[in-house]
Each structure stands twice: as C-alpha cells, then as structure tokens.
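*Asks:* Dropping the structure in here first, questions after.
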Amino acid sequence: MKPSDSRTQLHEALLQWYAERGRPLLWRRTPGDPYQVLVREVMLQQTQVARVERLLPRFLERFPTVQALAAAPLAEVIRWWQGLGYNRRARLLWECARRIVEDYGGVIPSDPGLLTRLPGIGRYTAAAVATFAFGRQDVPVVDTNIARALQRLLAETLPPRVLLQRARELIPPGASVQWHEALMDLGALYCRKRRPLCGQCPLRSWCRSAGREVQELSSGTRGEPHFQGVPRRLWRGRLLRLVATVGRITLEEVAAALFEAPPTPQQRRWLRELVAGLVRDGLLQSRRGWLMLPQ
Ligand code: SF4
C-alpha cells in the first residue's frame, strides 16, 4: 500500500469489489451452522473448491450433525469421503467429531486455541472456523493464497508470526468474514502464484508490487512421492476405493486390480508400503491376509 492511501480506502475498495464480483460459492449463498463450517474447512484443506461444492452436500446429508458423524462407523465415513482425496482427513474428522461430542457436549468450540487441540485441526482451519462459523473479529485467517496476496501488497517477505500480526491489524472492524472471503478471492482470481493479473486487480492502486516483477513470496511447495508418474495420494485413493467397493480383498487381488500385468518386485514393494501407510493412518485393517476398512 502506498503511504498516502488510507487503510479505510483499501478496505472499501476490496469489500466493494467483493460485494459486486466475489465468487458465489455454495457456502456463501447458504452459510451453514458451525458443524457444517468445520466439515467444509477440513475438506477445503486439500481438495479443490469446485469438488468440495459438489461433494459437501452429499456428505452432510449422510452425516447432518456432529452427533451423527461421531456415532457412525469409521468405515462408513471413509466410504462417504470418497472423491475428496487425502482420506486420512476422514478419520481425523471422525475423531474430531467424537471428541466434540465427548468433551464439549456436541458444541463446536469458538476459541481457536481449543479448536487446534482437536484431531485434524491445524492453526489455519481453527482460524477459519472461528471466523466463518462464529464471526470472530480478532482472528486472522491466512492460507497460502492470502499470505501471497498480503506479502505482495506490502512488498515484503514476512516471517509467519509477523505476517499474522499484520494480517490481524488489517481486519476491518465488523467485517472480518467478508474481508477474508474477499482476500481469498483476490488470491485465487488475480494474485495468482504465477503471472498475477495486476492490470485487472481491484487493489492495484494500493499494491506496492503491482506492475512490477512479482517475486514468489509464498512458502515452497512440498514434494509428493510419485510411482509410475502417479502421485501417492491417488494410489491411496484407488486402493481405498477398491476396498470400499468389495468389502475385503487380498494383497494379490489388489495387485491384480491396480497393475495390468503380473506385478513386478518394484510394484509389489510400492503396494506393500502403500498398504502399510494406510494401516498406520487407521484407514485400513489387515487381518489374516485380508484387507478391509476399519471395523
Ligand atoms: S496488484 Fe498484482 S501483486 Fe498486487 S495484489 Fe493485485 S494481483 Fe497481487
């Protein structure tokens, strides 16, 4: 932001743009209760927005309350998670629901400090739930997109703690929810990781980076193991889908289903590691030579 421009003008510019042009996402048209916000934020951790919009209603129809989710068998939750990927989240969300029922009488806490003590809830998700479910005004919500946009706006690379502090100071009074939603849209639509669209950006007059070569200010991407050109998460998803479909299956049958020809020693090794990882994450059970969803 240029020093001569006030923070109020910046707020007005972004909030007005958001009111007119923000993305009409499902949960903005029909904001849910705190449980629904929690479920959607866990889904959004690692699944694209469009896919969450498609699969969230189905999941909520099957598990309409935190009590319903907590009471369901884990295998059922994993089945209904299919299509969202990163299935470990299904188990963590289920454990989270059980803890909320047992420790909080089924009421989702609004305090980010309490939320981060629940399974599967990191600092970002806790902040998002506190803000979007409870309208907290003092909690900055900073995901990768928002971090990138803020740092470009300020033309500074900031350590996480300082970035959070700056983000908190920037929250406009009484408009935290809209502000964060607007920042998310800004990051997704204009302030993209590569080739940001500065010429069309509603904040170009305030941005210290606009029109200049924008450096990559976001944190580095984490590498994911691949096998035969396919990321591990997709292999895990395939394997779980298979088990969910047939009920129980042997390792040999899995190998026959996943690989076209008789598996090579390398493919067998990969498969064994895949199964071991899923068992470790509590998503699969291995009993007397059979693989099945947790009972
Ligand atoms: S002007 Fe460019 S760098 Fe600045 S916030 Fe907008 S898109 Fe990002």
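Ligands are numbered from 1 in the order shown, residues from 1 within each chain, and chains are lettered A, B, ... in the order they appear in the structure tokens.
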Step by step, measure atom-to-atom distances between ligand 1 and each residue using only C-alpha atoms and all ligand atoms, keep those at most 12 Å, then write them as JSON, numbers by chain.

*Replies:* {"A": [1, 2, 10, 13, 14, 145, 146, 147, 148, 149, 150, 151, 152, 153, 154, 155, 156, 182, 183, 184, 185, 186, 187, 188, 189, 190, 191, 192, 193, 194, 195, 196, 197, 198, 199, 200, 201, 202, 203, 204, 205, 206, 207, 208, 209, 210, 211, 212, 213, 214, 215, 216, 217]}

*Asks:* Taking 4 positions as the minimum chain separation for residues in the same chain, which residues sit within 12 Å of region 23-32 of chain A when counting only C-alpha atoms? Answer as a ChimeraX atom specification.

*Replies:* /A:17-19,36-41,44,49-57,60,64-65,129,132-135,177-178,181-189

*Asks:* Could you list, as a list in words, every residue within 12 Å of region 263-269 of chain A, counting only C-alpha atoms and ignoring same-chain residues fewer than 6 positions away?

*Replies:* Phe227, Gln228, Trp235, Leu251, Glu252, Glu253, Val254, Ala255, Ala256, Ala257, Val275 and Ala276 of chain A

*Asks:* Looking at only C-alpha atoms, which of A:Gly282, A:Gly113, A:Gly289, A:Pro172 is the one that sits closest to Leu240 (chain A)?

*Replies:*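 Using only C-alpha atoms, Leu240 (chain A) sits closest to A:Gly282.
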
*Asks:* Could you pull out the alpha helix (DSSP H) residues of region 124-253 of chain A, going by DSSP on the backbone, and write them as number ranges by chain?

*Replies:* A: 124-134, 144-154, 160-170, 176-189, 232-246, 251-253

*Asks:* CA of Gln9 (chain A) and CA of Ala126 (chain A), how far apart in Å?

*Replies:* 29.2 Å

*Asks:* Of the candidates A:Pro225, A:Pro109, A:Pro294, A:Pro231, which one gets nearest to Ala244 (chain A) if we count only C-alpha atoms?

*Replies:*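 Closest to Ala244 (chain A) of all the choices is A:Pro294.
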
*Asks:* With distances taken over only C-alpha atoms, which residue among A:Arg91, A:Arg117, A:Arg62, A:Val141 lies nearest Ala75 (chain A)?

*Replies:* A:Arg91

*Asks:* Residues at most 10 Å from Gln165 (chain A), counting only C-alpha atoms, excluding those fewer than 4 positions away in the same chain, as a list in words?

*Replies:*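 Surrounding residues, per the criterion: Val139, Pro140, Pro160, Arg161, Glu169 and Leu170 of chain A.
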
*Asks:* Since we have the selection now, will you write its residues out, keeping N, CA and C atoms, as a PDB file, in the first residue's frame?

*Replies:*
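Ended up saving to out.pdb:
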```
ATOM      1  N   VAL A 139      -9.322 -12.728  14.703  1.00  0.00           N
ATOM      2  CA  VAL A 139      -8.533 -13.893  14.311  1.00  0.00           C
ATOM      3  C   VAL A 139      -8.162 -13.800  12.826  1.00  0.00           C
ATOM      4  N   PRO A 140      -6.901 -13.609  12.492  1.00  0.00           N
ATOM      5  CA  PRO A 140      -6.534 -13.565  11.071  1.00  0.00           C
ATOM      6  C   PRO A 140      -6.559 -14.952  10.453  1.00  0.00           C
ATOM      7  N   PRO A 160       6.265 -15.884   9.491  1.00  0.00           N
ATOM      8  CA  PRO A 160       4.852 -16.204   9.761  1.00  0.00           C
ATOM      9  C   PRO A 160       4.240 -15.408  10.914  1.00  0.00           C
ATOM     10  N   ARG A 161       4.968 -15.259  12.003  1.00  0.00           N
ATOM     11  CA  ARG A 161       4.398 -14.564  13.168  1.00  0.00           C
ATOM     12  C   ARG A 161       4.099 -13.091  12.838  1.00  0.00           C
ATOM     13  N   GLU A 169      -3.984  -6.788  12.073  1.00  0.00           N
ATOM     14  CA  GLU A 169      -4.150  -5.324  12.089  1.00  0.00           C
ATOM     15  C   GLU A 169      -4.975  -4.834  10.893  1.00  0.00           C
ATOM     16  N   LEU A 170      -4.939  -5.620   9.833  1.00  0.00           N
ATOM     17  CA  LEU A 170      -5.645  -5.184   8.610  1.00  0.00           C
ATOM     18  C   LEU A 170      -7.142  -5.525   8.600  1.00  0.00           C
TER      19      LEU A 170
END
```

*Asks:* For CA of Arg21 (chain A) and CA of Leu163 (chain A), determine how far apart the two atoms are, in Å to one decimal place.

*Replies:*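 Interatomic distance, CA of Arg21 (chain A) to CA of Leu163 (chain A): 26.5 Å.
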
*Asks:* At a cut-off of 10 Å, using only C-alpha atoms, what residues contact Leu278 (chain A)? Leave out same-chain residues fewer than 4 positions from it and give the result as an NGL selection string.

*Replies:* :A and (87-88 or 236 or 239-240 or 272-274 or 282-286 or 293)

*Asks:* I need the chosen residues saved as a compact mmCIF listing (two decimals), in the first residue's frame, with all heavy atoms.

*Replies:*
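Saved the output as part-v7.txt:
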```
# COMPACT_ATOMS: atom_id res chain seq x y z
N ASN A 87 -7.54 -39.28 2.27
CA ASN A 87 -8.55 -39.93 3.12
C ASN A 87 -8.23 -39.89 4.62
O ASN A 87 -9.10 -40.12 5.44
CB ASN A 87 -8.72 -41.38 2.68
CG ASN A 87 -9.35 -41.45 1.30
OD1 ASN A 87 -10.55 -41.40 1.16
ND2 ASN A 87 -8.52 -41.52 0.27
N ARG A 88 -6.98 -39.61 4.94
CA ARG A 88 -6.63 -39.53 6.36
C ARG A 88 -7.51 -38.49 7.06
O ARG A 88 -7.82 -38.60 8.24
CB ARG A 88 -5.14 -39.13 6.45
CG ARG A 88 -4.55 -39.25 7.78
CD ARG A 88 -3.02 -39.24 7.69
NE ARG A 88 -2.48 -39.03 9.01
CZ ARG A 88 -2.17 -37.83 9.48
NH1 ARG A 88 -2.33 -36.76 8.75
NH2 ARG A 88 -1.69 -37.72 10.70
N ARG A 236 -3.32 -44.14 -3.11
CA ARG A 236 -4.04 -44.42 -1.86
C ARG A 236 -5.55 -44.38 -2.10
O ARG A 236 -6.30 -45.24 -1.62
CB ARG A 236 -3.65 -43.40 -0.78
CG ARG A 236 -2.29 -43.66 -0.16
CD ARG A 236 -1.79 -42.47 0.67
NE ARG A 236 -2.65 -42.08 1.75
CZ ARG A 236 -2.41 -42.34 3.04
NH1 ARG A 236 -1.32 -43.00 3.39
NH2 ARG A 236 -3.24 -41.94 3.97
N LEU A 239 -6.72 -47.48 -4.01
CA LEU A 239 -6.72 -48.68 -3.17
C LEU A 239 -7.93 -48.68 -2.21
O LEU A 239 -8.64 -49.67 -2.07
CB LEU A 239 -5.41 -48.74 -2.39
CG LEU A 239 -4.94 -50.11 -1.92
CD1 LEU A 239 -3.45 -50.09 -1.66
CD2 LEU A 239 -5.66 -50.59 -0.69
N LEU A 240 -8.17 -47.51 -1.60
CA LEU A 240 -9.30 -47.43 -0.65
C LEU A 240 -10.63 -47.62 -1.37
O LEU A 240 -11.55 -48.26 -0.85
CB LEU A 240 -9.28 -46.09 0.06
CG LEU A 240 -8.38 -45.99 1.28
CD1 LEU A 240 -8.56 -44.65 1.96
CD2 LEU A 240 -8.68 -47.10 2.29
N ARG A 272 3.04 -52.74 -0.94
CA ARG A 272 3.18 -53.06 0.49
C ARG A 272 3.36 -51.79 1.32
O ARG A 272 2.77 -51.64 2.38
CB ARG A 272 4.35 -54.03 0.71
CG ARG A 272 3.97 -55.50 0.52
CD ARG A 272 4.99 -56.43 1.15
NE ARG A 272 6.30 -56.26 0.55
CZ ARG A 272 6.73 -56.92 -0.53
NH1 ARG A 272 5.94 -57.78 -1.14
NH2 ARG A 272 7.93 -56.71 -1.01
N GLU A 273 4.17 -50.87 0.78
CA GLU A 273 4.38 -49.61 1.51
C GLU A 273 3.09 -48.79 1.57
O GLU A 273 2.77 -48.16 2.58
CB GLU A 273 5.48 -48.78 0.83
CG GLU A 273 6.87 -49.31 1.10
CD GLU A 273 7.92 -48.63 0.23
OE1 GLU A 273 7.62 -47.60 -0.39
OE2 GLU A 273 9.04 -49.17 0.17
N LEU A 274 2.35 -48.84 0.47
CA LEU A 274 1.07 -48.11 0.41
C LEU A 274 0.11 -48.64 1.47
O LEU A 274 -0.52 -47.88 2.22
CB LEU A 274 0.48 -48.32 -0.99
CG LEU A 274 -0.39 -47.23 -1.59
CD1 LEU A 274 0.37 -45.92 -1.69
CD2 LEU A 274 -0.85 -47.66 -2.98
N GLY A 282 -4.72 -45.59 10.08
CA GLY A 282 -6.02 -46.03 10.60
C GLY A 282 -7.11 -46.08 9.54
O GLY A 282 -8.29 -46.07 9.87
N LEU A 283 -6.73 -46.15 8.27
CA LEU A 283 -7.74 -46.15 7.20
C LEU A 283 -8.00 -47.55 6.66
O LEU A 283 -8.97 -47.77 5.95
CB LEU A 283 -7.28 -45.24 6.05
CG LEU A 283 -7.17 -43.76 6.43
CD1 LEU A 283 -6.44 -42.98 5.37
CD2 LEU A 283 -8.56 -43.16 6.63
N LEU A 284 -7.12 -48.48 6.98
CA LEU A 284 -7.25 -49.87 6.51
C LEU A 284 -6.96 -50.80 7.67
O LEU A 284 -6.16 -50.46 8.55
CB LEU A 284 -6.21 -50.15 5.43
CG LEU A 284 -6.55 -50.18 3.95
CD1 LEU A 284 -5.41 -50.81 3.19
CD2 LEU A 284 -7.84 -50.90 3.67
N GLN A 285 -7.56 -51.98 7.62
CA GLN A 285 -7.18 -53.02 8.57
C GLN A 285 -6.66 -54.21 7.76
O GLN A 285 -7.16 -54.49 6.68
CB GLN A 285 -8.38 -53.47 9.39
CG GLN A 285 -8.64 -52.57 10.57
CD GLN A 285 -9.78 -53.08 11.42
OE1 GLN A 285 -10.41 -54.09 11.10
NE2 GLN A 285 -10.06 -52.38 12.50
N SER A 286 -5.67 -54.86 8.31
CA SER A 286 -5.12 -56.05 7.66
C SER A 286 -5.28 -57.20 8.65
O SER A 286 -4.71 -57.17 9.74
CB SER A 286 -3.65 -55.80 7.34
OG SER A 286 -3.07 -56.99 6.89
N LEU A 293 -11.77 -52.09 5.35
CA LEU A 293 -11.89 -50.80 6.02
C LEU A 293 -11.98 -51.06 7.53
O LEU A 293 -12.39 -52.14 7.95
CB LEU A 293 -13.13 -50.05 5.53
CG LEU A 293 -13.11 -49.59 4.07
CD1 LEU A 293 -14.39 -48.86 3.73
CD2 LEU A 293 -11.91 -48.72 3.78
```

*Asks:* How many Å separate CA of Arg248 (chain A) from CA of Met292 (chain A)?

*Replies:*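 That distance, rounded to one decimal, is 4.7 Å.
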